[in-house]
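Novice: Just dropping this structure here.
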Amino acid sequence: MKHTLLVEVLTEELPPKALSNLGIAFAKHMTAGLSEAGFTARRDELSSYPALATPRRLAVLVSDVLAVQPERTVERKGPYVAQGFDAQGKATQALLGFARSCGAAVEALEKSADAKGEFFVYRATKRGEPLEAHLPRIVEQALSKLPTPKLMRWGSGEAQFVRPVHGLVLLLGKHLIPGKVLGLASSSHTLGHRSMSAGQIEIPSADAYLERMNIEGHVIVDFRQRQNRIAERLQAMASEGNAMLVAEHDALVEEVTALVEYPVIYRGQFDAAFLEVPQECLILSMQQHQKYFPLLERSTGKLLNRFLIVSNLETDDPANIVKGNERVLRARLSDAKFFYDQDRKTKLADRVERLGSVVYHNKLGSQLERVQRIRKLASSIAAELGSDVNKVERAAWLSKADLLTDMVGEFPELQGVMGRYYALHDGEERSVARAIEEHYLPRLAGDKLPEDNIGSAVALADKLDTLIGIYGIGLVPTGDKDPFGLRRQALGVLRILSERSLPLSLDRLLNLAKLGFAPGVLKDSVTVDLHAFVLERLRSYLRERGFAPDEIDAVVSQNPTRIDQVVPRLEAVQAFRAMPEAQSLSSANKRIRNILKKTTVSQTAPDPALLQEAAERDLFSATSRLAPTIASLWEERDYTAALRRLAGVRQEVDAFFDQVMVMTDEPLLRNNRLALLAKLESLLNRVADISKLAP
């Protein structure tokens with residue numbers, strides 16, 4: 001008979017940020033353990049496991065679990081026959097020991113063979129054992145495999161878990177499975193909500209667990225069900241007040257889901273006078289410190305003096321809960337207002353020199369030295385972009401000053417944002433203030449980019465200085481370790497250059513950034529190494545934009561330096577490969593590449609006087625005619641037209657390979673034909689290496 005198995009481990013409050021993963025992992029390892037022991041055939045994918053987890057419990061429900069294992073054949077491999085008997089034909093100690101470990105006589109052992117020869121094997125039919133003989137071990141093993149950073153002991157026992165454990169439920173259908181896990185004996189009783197549930201709750205069967213916990217225990221055990229309930233109720237209550245939630249609230253919803261067992265939403269408000277403080281500060285204070293959900297005016301997106309509270313207590317009169325939360329929030333917002341008022345008493349410009357006492361990196365100097373490098377580099381970038389150099393230099397000079405403000409000290413996430421507010425208060429130009437904030441953009445994948453060239457110049461300078469400096473002293477990302485976020489910085493550079501179509505050379509930018517450091521600080525090869533590192537990030541970026549791997553390889557393998565031209569070249573490659581001539585020319589290009597790899601071209605250009613065959617004269621004529629056209633289209637950045645023109649040479653290329661022997665015994669003819677192929681290859685690969693395109 002098959003039944004549903006319930007395992008619940010009742011604990012003290014579990015780590016909220018890990019709770020969902022703990023629930024999923026527990027279900028995964030329990031199911032795997034039961035399957036390996038023969039009690040269930042389930043082998044679900046990780047994504048299919050429901051996370052039955054609350055702040056005080058981890059649970060798992062597995063359907064179709066057997067009370068007794070089916071009979072199974074046990075097979076053990078023993079020593080080879082050659083090592084099983086000595087010269088006198090007597091059984092060796094190796095064979096005798098193997099037979100003894102199997103509980104069988106030597107004569108009862110069977111023989112089998114593999115590539116190495118014949119060996120002894122023990123086979124027996126083993127009767128199935130009851131679940132209770134294995135379940136405690138399976139539960140303990142599943143708990144030991146959970147992704148917990150630290151374990152603790154409690155009481156006088158030796159049991160260890162991420163939090164002290166106070167209860168254990170093991171039910172197969174309606175049957176209690178006796179056993180001990182982490183020193184606790186199993187039962188069919190558990191505890192519900194701390195405040196809303198009275199005493200112990202009897203679980204009559206595994207299938208009744210979720211409903212009984214919800215109705216009697218006031219506990220919604222399923223993490224996702226609890227999360228959806230919170231998200232839906234938040235949206236509904238925000239809409240009732242003609243307001244909306246802050247866009248980035250999903251992470252907070254997940255966090256509060258891990259803090260409550262029976263979520264209830266209440267409304268609160270705060271003094272409108274606090275709205276004089278920048279709303280980013282108020283929002284961060286509410287979200288980070290208090291786990292509240294700020295509300296924005298739907299039409300303007302401005303912060304309202306209202307917020308939503310996710311509580312773990314349902315009551316007919318929530319006035320005391322709301323007032324208590326409002327009182328705590330008032331203290332937090334008062335701190336934010338104090339920081340804001342104090343910070344504005346000192347201008348950003350007056351803070352810059354104090355950055356000299358702040359270490360950026362012990363090998364790369366202070367934050368002030370870094371600002372000086374960023375200002376110089378940003379100025380050079382602005383000049384190449386034809387942007388306002390004075391505004392760029394001013395923004396770069398002030399870009400890190402807000403690191404010394406009280407507000408950024410309290411909320412590091414607001415660096416740049418507060419710089420903009422304080423710059424505007426100091427009377428700086430709006431474009432300068434905006435660039436102070438935007439020089440951190442993009443902060444993460446999918447984030448917005450700087451609006452104009454002023455912000456872009458400072459953002460590029462900041463990211464390039466980080467890349468060159470950190471990479472140059474040997475702190476290269478390895479595996480999934482990237483403590484300085486160099487991959488993110490590289491992606492930021494690529495996105496700004498590509499998506500804002502900035503006509504800048506990546507090589508030149510890297511070399512300009514390197515000039516900001518004293519000789520000997522960075523390794524000599526840093527620009528070459530970093531260029532390769534950035535191009536690897538470029539491949540990932542382009543895959544995310546939907547380009548095929550072979551298309552990407554066709555362009556990126558040429559080590560482009562003008563990143564703004566990479567996507568247009570890829571789009572041209574996409575258009576080219578749709579042409580009927582594409583496959584033939586790609587194959588020809590591969591053939592040319594292979595021929596040229598095996599020999600040396602001793603002359604720079606083909607000599608028309610040495611062209612004997614009609615097919616090679618036609619190809620020479622076609623390439624000579626096309627060369628200036630392709631060069632002109634390249635300069636005009638019309639890559640699609642360039643590849644379309646190249647497609648027109650297919651007939652001459654096919655005829656050449658059909659009718660002309662390239663590697664002839666005559667040296668002059670051979671070298672001339674190789675030079676012709678080298679000229680053709682140069683034309684074919686001007687936009688992209690089309691030999692990389694798969695059929």
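For the structure tokens, the naming scheme is as follows: chains receive sequential letters (A, B, ...) according to their order of presentation, residues are indexed from 1 within each chain, and ligands are indexed from 1 in presentation order.
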With only C-alpha atoms as the counted atoms, please give the residues lying no more than 10 Å from Glu616 in chain A, apart from itself and same-chain residues fewer than 3 positions off, as a PyMOL selection string.
Specialist: chain A and resi 608+610-613+619-622+652-653+655-657+659-662+673+676-677
Novice: List the spatial neighbours of range 112-126 of chain A as an MDAnalysis selection string - criterion: any atom at most 6 Å away, only C-alpha atoms, same-chain residues fewer than 4 positions off excluded.
Specialist: chainID A and resid 71:81
Novice: Any chance you could export the current selection's N, CA, C and O atoms as a PDB file, in the first residue's frame?
Specialist:
```pdb
ATOM      1  N   GLU A  71      10.895  -6.592  -2.332  1.00  0.00           N
ATOM      2  CA  GLU A  71      12.065  -7.482  -2.365  1.00  0.00           C
ATOM      3  C   GLU A  71      13.021  -7.020  -3.454  1.00  0.00           C
ATOM      4  O   GLU A  71      12.605  -6.544  -4.503  1.00  0.00           O
ATOM      5  N   ARG A  72      14.303  -7.208  -3.198  1.00  0.00           N
ATOM      6  CA  ARG A  72      15.272  -6.772  -4.200  1.00  0.00           C
ATOM      7  C   ARG A  72      16.472  -7.714  -4.194  1.00  0.00           C
ATOM      8  O   ARG A  72      16.751  -8.380  -3.193  1.00  0.00           O
ATOM      9  N   THR A  73      17.140  -7.745  -5.322  1.00  0.00           N
ATOM     10  CA  THR A  73      18.329  -8.585  -5.457  1.00  0.00           C
ATOM     11  C   THR A  73      19.555  -7.796  -5.023  1.00  0.00           C
ATOM     12  O   THR A  73      19.795  -6.680  -5.497  1.00  0.00           O
ATOM     13  N   VAL A  74      20.318  -8.398  -4.092  1.00  0.00           N
ATOM     14  CA  VAL A  74      21.557  -7.779  -3.621  1.00  0.00           C
ATOM     15  C   VAL A  74      22.713  -8.440  -4.356  1.00  0.00           C
ATOM     16  O   VAL A  74      22.789  -9.676  -4.438  1.00  0.00           O
ATOM     17  N   GLU A  75      23.606  -7.645  -4.904  1.00  0.00           N
ATOM     18  CA  GLU A  75      24.746  -8.190  -5.646  1.00  0.00           C
ATOM     19  C   GLU A  75      26.013  -7.475  -5.209  1.00  0.00           C
ATOM     20  O   GLU A  75      26.083  -6.246  -5.183  1.00  0.00           O
ATOM     21  N   ARG A  76      27.029  -8.293  -4.832  1.00  0.00           N
ATOM     22  CA  ARG A  76      28.322  -7.728  -4.417  1.00  0.00           C
ATOM     23  C   ARG A  76      29.445  -8.390  -5.198  1.00  0.00           C
ATOM     24  O   ARG A  76      29.481  -9.622  -5.332  1.00  0.00           O
ATOM     25  N   LYS A  77      30.322  -7.568  -5.707  1.00  0.00           N
ATOM     26  CA  LYS A  77      31.450  -8.088  -6.482  1.00  0.00           C
ATOM     27  C   LYS A  77      32.593  -8.452  -5.543  1.00  0.00           C
ATOM     28  O   LYS A  77      32.950  -7.692  -4.648  1.00  0.00           O
ATOM     29  N   GLY A  78      33.178  -9.631  -5.764  1.00  0.00           N
ATOM     30  CA  GLY A  78      34.280 -10.100  -4.933  1.00  0.00           C
ATOM     31  C   GLY A  78      35.597 -10.142  -5.691  1.00  0.00           C
ATOM     32  O   GLY A  78      35.731  -9.549  -6.770  1.00  0.00           O
ATOM     33  N   PRO A  79      36.601 -10.845  -5.160  1.00  0.00           N
ATOM     34  CA  PRO A  79      37.915 -10.906  -5.821  1.00  0.00           C
ATOM     35  C   PRO A  79      37.855 -11.710  -7.117  1.00  0.00           C
ATOM     36  O   PRO A  79      36.946 -12.523  -7.325  1.00  0.00           O
ATOM     37  N   TYR A  80      38.841 -11.473  -7.971  1.00  0.00           N
ATOM     38  CA  TYR A  80      38.936 -12.245  -9.208  1.00  0.00           C
ATOM     39  C   TYR A  80      39.355 -13.681  -8.874  1.00  0.00           C
ATOM     40  O   TYR A  80      40.015 -13.948  -7.848  1.00  0.00           O
ATOM     41  N   VAL A  81      38.960 -14.600  -9.738  1.00  0.00           N
ATOM     42  CA  VAL A  81      39.217 -16.026  -9.508  1.00  0.00           C
ATOM     43  C   VAL A  81      40.717 -16.275  -9.349  1.00  0.00           C
ATOM     44  O   VAL A  81      41.136 -17.081  -8.508  1.00  0.00           O
TER      45      VAL A  81
END
```
Novice: Take CA of Ala25 in chain A and CA of Val68 in chain A and report the distance between them in Å, one decimal.
Specialist: 25.1 Å
Novice: Suppose you want the space between CA of His3 in chain A and CA of Pro136 in chain A; what is it in Å?
Specialist: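 Atom-to-atom, CA of His3 in chain A and CA of Pro136 in chain A are spaced 17.4 Å apart.
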Novice: Report, in Å with one decimal, the straight-line distance from CA of Thr604 in chain A to CA of Arg617 in chain A.
Specialist: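 About the pair CA of Thr604 in chain A and CA of Arg617 in chain A: they are 17.3 Å apart.
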Novice: Can you pull out every residue within 12 Å of Lys302 in chain A, counting only C-alpha atoms, but drop anything in the same chain fewer than 6 positions away, and send it as a PyMOL selection string?
Specialist: chain A and resi 243-246+275-276+278-280+282-283+294-296
Novice: Can you check which residues of range 223-417 of chain A DSSP gives as strand (DSSP E or B) on the backbone and send them as a PyMOL selection string?
Specialist: chain A and resi 243-245+264-269+293-297+303-311+359-361+365-366
Novice: Could you take the residues named above and write them with N, CA, C and O atoms, as a compact mmCIF listing (two decimals), in the first residue's frame?
Specialist:
```
# COMPACT_ATOMS: atom_id res chain seq x y z
N ALA A 243 -3.16 54.24 -4.93
CA ALA A 243 -1.70 54.32 -4.84
C ALA A 243 -1.11 53.09 -5.51
O ALA A 243 -1.82 52.24 -6.04
N MET A 244 0.22 53.01 -5.49
CA MET A 244 0.89 51.83 -6.04
C MET A 244 2.13 51.55 -5.22
O MET A 244 2.66 52.42 -4.51
N LEU A 245 2.59 50.31 -5.31
CA LEU A 245 3.78 49.90 -4.59
C LEU A 245 5.03 50.35 -5.33
O LEU A 245 5.01 50.57 -6.54
N VAL A 264 -0.98 39.07 7.66
CA VAL A 264 -2.10 40.00 7.64
C VAL A 264 -1.53 41.38 7.32
O VAL A 264 -0.47 41.75 7.83
N ILE A 265 -2.22 42.14 6.45
CA ILE A 265 -1.72 43.45 6.01
C ILE A 265 -2.50 44.56 6.70
O ILE A 265 -3.73 44.55 6.72
N TYR A 266 -1.76 45.54 7.24
CA TYR A 266 -2.37 46.72 7.86
C TYR A 266 -1.80 47.98 7.22
O TYR A 266 -0.69 47.97 6.66
N ARG A 267 -2.57 49.06 7.33
CA ARG A 267 -2.13 50.37 6.81
C ARG A 267 -1.58 51.23 7.94
O ARG A 267 -2.10 51.21 9.05
N GLY A 268 -0.53 51.99 7.61
CA GLY A 268 0.00 52.97 8.56
C GLY A 268 0.30 54.26 7.84
O GLY A 268 0.25 54.33 6.60
N GLN A 269 0.63 55.30 8.58
CA GLN A 269 1.00 56.58 7.97
C GLN A 269 2.03 57.28 8.85
O GLN A 269 2.23 56.91 10.01
N PHE A 293 6.15 48.47 3.33
CA PHE A 293 5.98 48.69 1.89
C PHE A 293 5.49 50.12 1.67
O PHE A 293 4.32 50.43 1.92
N PRO A 294 6.38 51.01 1.20
CA PRO A 294 5.99 52.40 0.94
C PRO A 294 4.98 52.46 -0.21
O PRO A 294 4.96 51.59 -1.09
N LEU A 295 4.17 53.50 -0.22
CA LEU A 295 3.17 53.70 -1.27
C LEU A 295 3.48 54.97 -2.05
O LEU A 295 3.85 56.00 -1.47
N LEU A 296 3.31 54.88 -3.36
CA LEU A 296 3.55 56.01 -4.25
C LEU A 296 2.24 56.49 -4.85
O LEU A 296 1.32 55.69 -5.07
N GLU A 297 2.18 57.78 -5.13
CA GLU A 297 1.01 58.31 -5.83
C GLU A 297 0.99 57.75 -7.24
O GLU A 297 2.00 57.80 -7.96
N LEU A 303 6.28 59.78 -3.44
CA LEU A 303 6.01 59.06 -2.20
C LEU A 303 4.87 59.69 -1.43
O LEU A 303 4.79 60.91 -1.27
N LEU A 304 3.97 58.85 -0.93
CA LEU A 304 2.89 59.28 -0.05
C LEU A 304 3.30 59.04 1.40
O LEU A 304 4.22 58.26 1.68
N ASN A 305 2.63 59.70 2.31
CA ASN A 305 2.95 59.48 3.73
C ASN A 305 2.15 58.31 4.29
O ASN A 305 1.66 58.34 5.41
N ARG A 306 2.03 57.26 3.49
CA ARG A 306 1.33 56.05 3.89
C ARG A 306 2.20 54.84 3.55
O ARG A 306 3.02 54.89 2.63
N PHE A 307 1.97 53.76 4.29
CA PHE A 307 2.74 52.54 4.05
C PHE A 307 1.92 51.35 4.50
O PHE A 307 0.91 51.49 5.21
N LEU A 308 2.35 50.15 4.06
CA LEU A 308 1.66 48.92 4.42
C LEU A 308 2.58 48.05 5.28
O LEU A 308 3.79 47.99 5.05
N ILE A 309 1.96 47.39 6.26
CA ILE A 309 2.68 46.56 7.22
C ILE A 309 2.24 45.11 7.02
O ILE A 309 1.04 44.83 6.97
N VAL A 310 3.19 44.19 6.92
CA VAL A 310 2.87 42.76 6.92
C VAL A 310 3.06 42.26 8.34
O VAL A 310 4.19 42.19 8.85
N SER A 311 1.96 41.93 8.98
CA SER A 311 1.99 41.50 10.37
C SER A 311 1.80 39.99 10.46
O SER A 311 1.25 39.36 9.56
N VAL A 359 41.11 55.30 2.28
CA VAL A 359 41.87 54.37 1.43
C VAL A 359 40.92 53.70 0.43
O VAL A 359 39.89 53.15 0.82
N TYR A 360 41.27 53.79 -0.84
CA TYR A 360 40.54 53.06 -1.87
C TYR A 360 41.06 51.63 -1.92
O TYR A 360 40.32 50.66 -1.80
N HIS A 361 42.36 51.48 -2.11
CA HIS A 361 43.05 50.18 -2.03
C HIS A 361 44.50 50.48 -1.68
O HIS A 361 45.08 51.45 -2.19
N GLY A 365 46.08 53.57 -3.79
CA GLY A 365 45.98 54.91 -3.23
C GLY A 365 44.65 55.21 -2.57
O GLY A 365 43.83 54.32 -2.30
N SER A 366 44.41 56.49 -2.34
CA SER A 366 43.22 56.96 -1.64
C SER A 366 42.07 57.22 -2.62
O SER A 366 42.25 57.21 -3.84
```
Novice: Could you pull the residues within 12 Å of Lys679 in chain A, counting only C-alpha atoms, minus those fewer than 5 positions along the same chain, as an MDAnalysis selection string?
Specialist: chainID A and resid 589 592:593 596 601 603:607 619:624 626:627 672:674 684:686
Novice: Do a neighbour search on range 419-421 of chain A at 8 Å with only C-alpha atoms, toss out local chain neighbours closer than 6 positions, and write the hits as a compact mmCIF listing (two decimals) with N, CA and C atoms, in the first residue's frame.
Specialist:
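That gives us out36.txt:
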```txt
# COMPACT_ATOMS: atom_id res chain seq x y z
N PRO A 278 14.52 63.53 0.72
CA PRO A 278 14.44 62.79 -0.55
C PRO A 278 13.76 61.44 -0.37
N LEU A 348 29.46 69.71 -1.03
CA LEU A 348 30.18 68.56 -1.58
C LEU A 348 31.62 68.93 -1.93
N LEU A 398 33.37 65.84 -8.12
CA LEU A 398 32.41 65.74 -7.01
C LEU A 398 31.82 64.33 -6.87
N SER A 399 32.17 63.42 -7.76
CA SER A 399 31.45 62.14 -7.88
C SER A 399 31.51 61.28 -6.62
N LYS A 400 32.58 61.37 -5.85
CA LYS A 400 32.73 60.51 -4.67
C LYS A 400 32.57 61.26 -3.35
N ALA A 401 32.26 62.56 -3.41
CA ALA A 401 32.21 63.36 -2.19
C ALA A 401 31.10 62.90 -1.25
N ASP A 402 30.00 62.39 -1.80
CA ASP A 402 28.89 62.00 -0.92
C ASP A 402 29.21 60.74 -0.11
N ALA A 433 24.93 67.62 -11.58
CA ALA A 433 24.31 66.87 -10.49
C ALA A 433 23.80 65.51 -10.98
N ARG A 434 23.19 65.53 -12.17
CA ARG A 434 22.68 64.27 -12.71
C ARG A 434 23.82 63.30 -13.01
N ALA A 435 24.94 63.80 -13.51
CA ALA A 435 26.08 62.94 -13.82
C ALA A 435 26.68 62.31 -12.57
N ILE A 436 26.61 63.02 -11.44
CA ILE A 436 27.10 62.44 -10.18
C ILE A 436 26.33 61.18 -9.85
N GLU A 437 25.02 61.21 -10.03
CA GLU A 437 24.21 60.02 -9.77
C GLU A 437 24.42 58.97 -10.86
```
Novice: Enumerate as a PyMOL selection string all residues of range 50-188 of chain A assigned to helix (DSSP H, G or I) by DSSP on the backbone, naming them with the chain letters and numbers the document uses.
Specialist: chain A and resi 81-84+93-102+106-108+131-133+135-144
Novice: Okay, now the selection with C-alpha atoms, as an mmCIF file, in the first residue's frame?
Specialist:
```cif
data_model
loop_
_atom_site.group_PDB
_atom_site.id
_atom_site.type_symbol
_atom_site.label_atom_id
_atom_site.label_comp_id
_atom_site.auth_asym_id
_atom_site.auth_seq_id
_atom_site.Cartn_x
_atom_site.Cartn_y
_atom_site.Cartn_z
ATOM 1 C CA VAL A 81 39.217 -16.026 -9.508
ATOM 2 C CA ALA A 82 42.976 -15.747 -10.044
ATOM 3 C CA GLN A 83 43.355 -14.108 -6.610
ATOM 4 C CA GLY A 84 40.750 -16.403 -4.991
ATOM 5 C CA GLN A 93 42.164 -15.012 2.793
ATOM 6 C CA ALA A 94 40.755 -12.467 0.352
ATOM 7 C CA LEU A 95 38.114 -14.929 -0.862
ATOM 8 C CA LEU A 96 37.350 -16.263 2.612
ATOM 9 C CA GLY A 97 36.980 -12.730 3.993
ATOM 10 C CA PHE A 98 34.625 -11.745 1.160
ATOM 11 C CA ALA A 99 32.444 -14.831 1.717
ATOM 12 C CA ARG A 100 32.383 -14.194 5.468
ATOM 13 C CA SER A 101 31.338 -10.543 4.953
ATOM 14 C CA CYS A 102 28.442 -11.766 2.806
ATOM 15 C CA VAL A 106 32.617 -20.000 -0.649
ATOM 16 C CA GLU A 107 30.675 -22.725 -2.484
ATOM 17 C CA ALA A 108 27.576 -20.487 -2.530
ATOM 18 C CA LEU A 131 9.961 2.354 6.537
ATOM 19 C CA GLU A 132 10.472 2.880 10.263
ATOM 20 C CA ALA A 133 13.816 1.074 10.016
ATOM 21 C CA LEU A 135 13.170 6.903 7.915
ATOM 22 C CA PRO A 136 15.055 8.463 10.870
ATOM 23 C CA ARG A 137 18.342 7.952 9.027
ATOM 24 C CA ILE A 138 16.913 9.423 5.796
ATOM 25 C CA VAL A 139 15.602 12.489 7.674
ATOM 26 C CA GLU A 140 18.918 13.043 9.478
ATOM 27 C CA GLN A 141 20.841 12.760 6.205
ATOM 28 C CA ALA A 142 18.461 15.186 4.462
ATOM 29 C CA LEU A 143 18.847 17.726 7.273
ATOM 30 C CA SER A 144 22.636 17.387 7.198
#
```
Novice: Which is closer to His439 in chain A than all the others in A:Ala678, A:Ala378, A:Ala609, A:Leu668, using only C-alpha atoms?
Specialist: A:Ala378
Novice: From the options A:Val566, A:Leu58, A:Met237, A:Leu530, which residue's atoms come nearest to Val476 in chain A, counting only C-alpha atoms?
Specialist: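 Of A:Val566, A:Leu58, A:Met237, A:Leu530, the one nearest Val476 in chain A, counting only C-alpha atoms, is A:Leu530.
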Novice: Env of range 15-20 of chain A: 10 Å cut, atoms = only C-alpha atoms, seq-sep filter 2 positions within chain, self excluded. Answer as a ChimeraX atom specification.
Specialist: /A:12-13,22-25,50-58,147-149,162-163,222-224,251,254-260
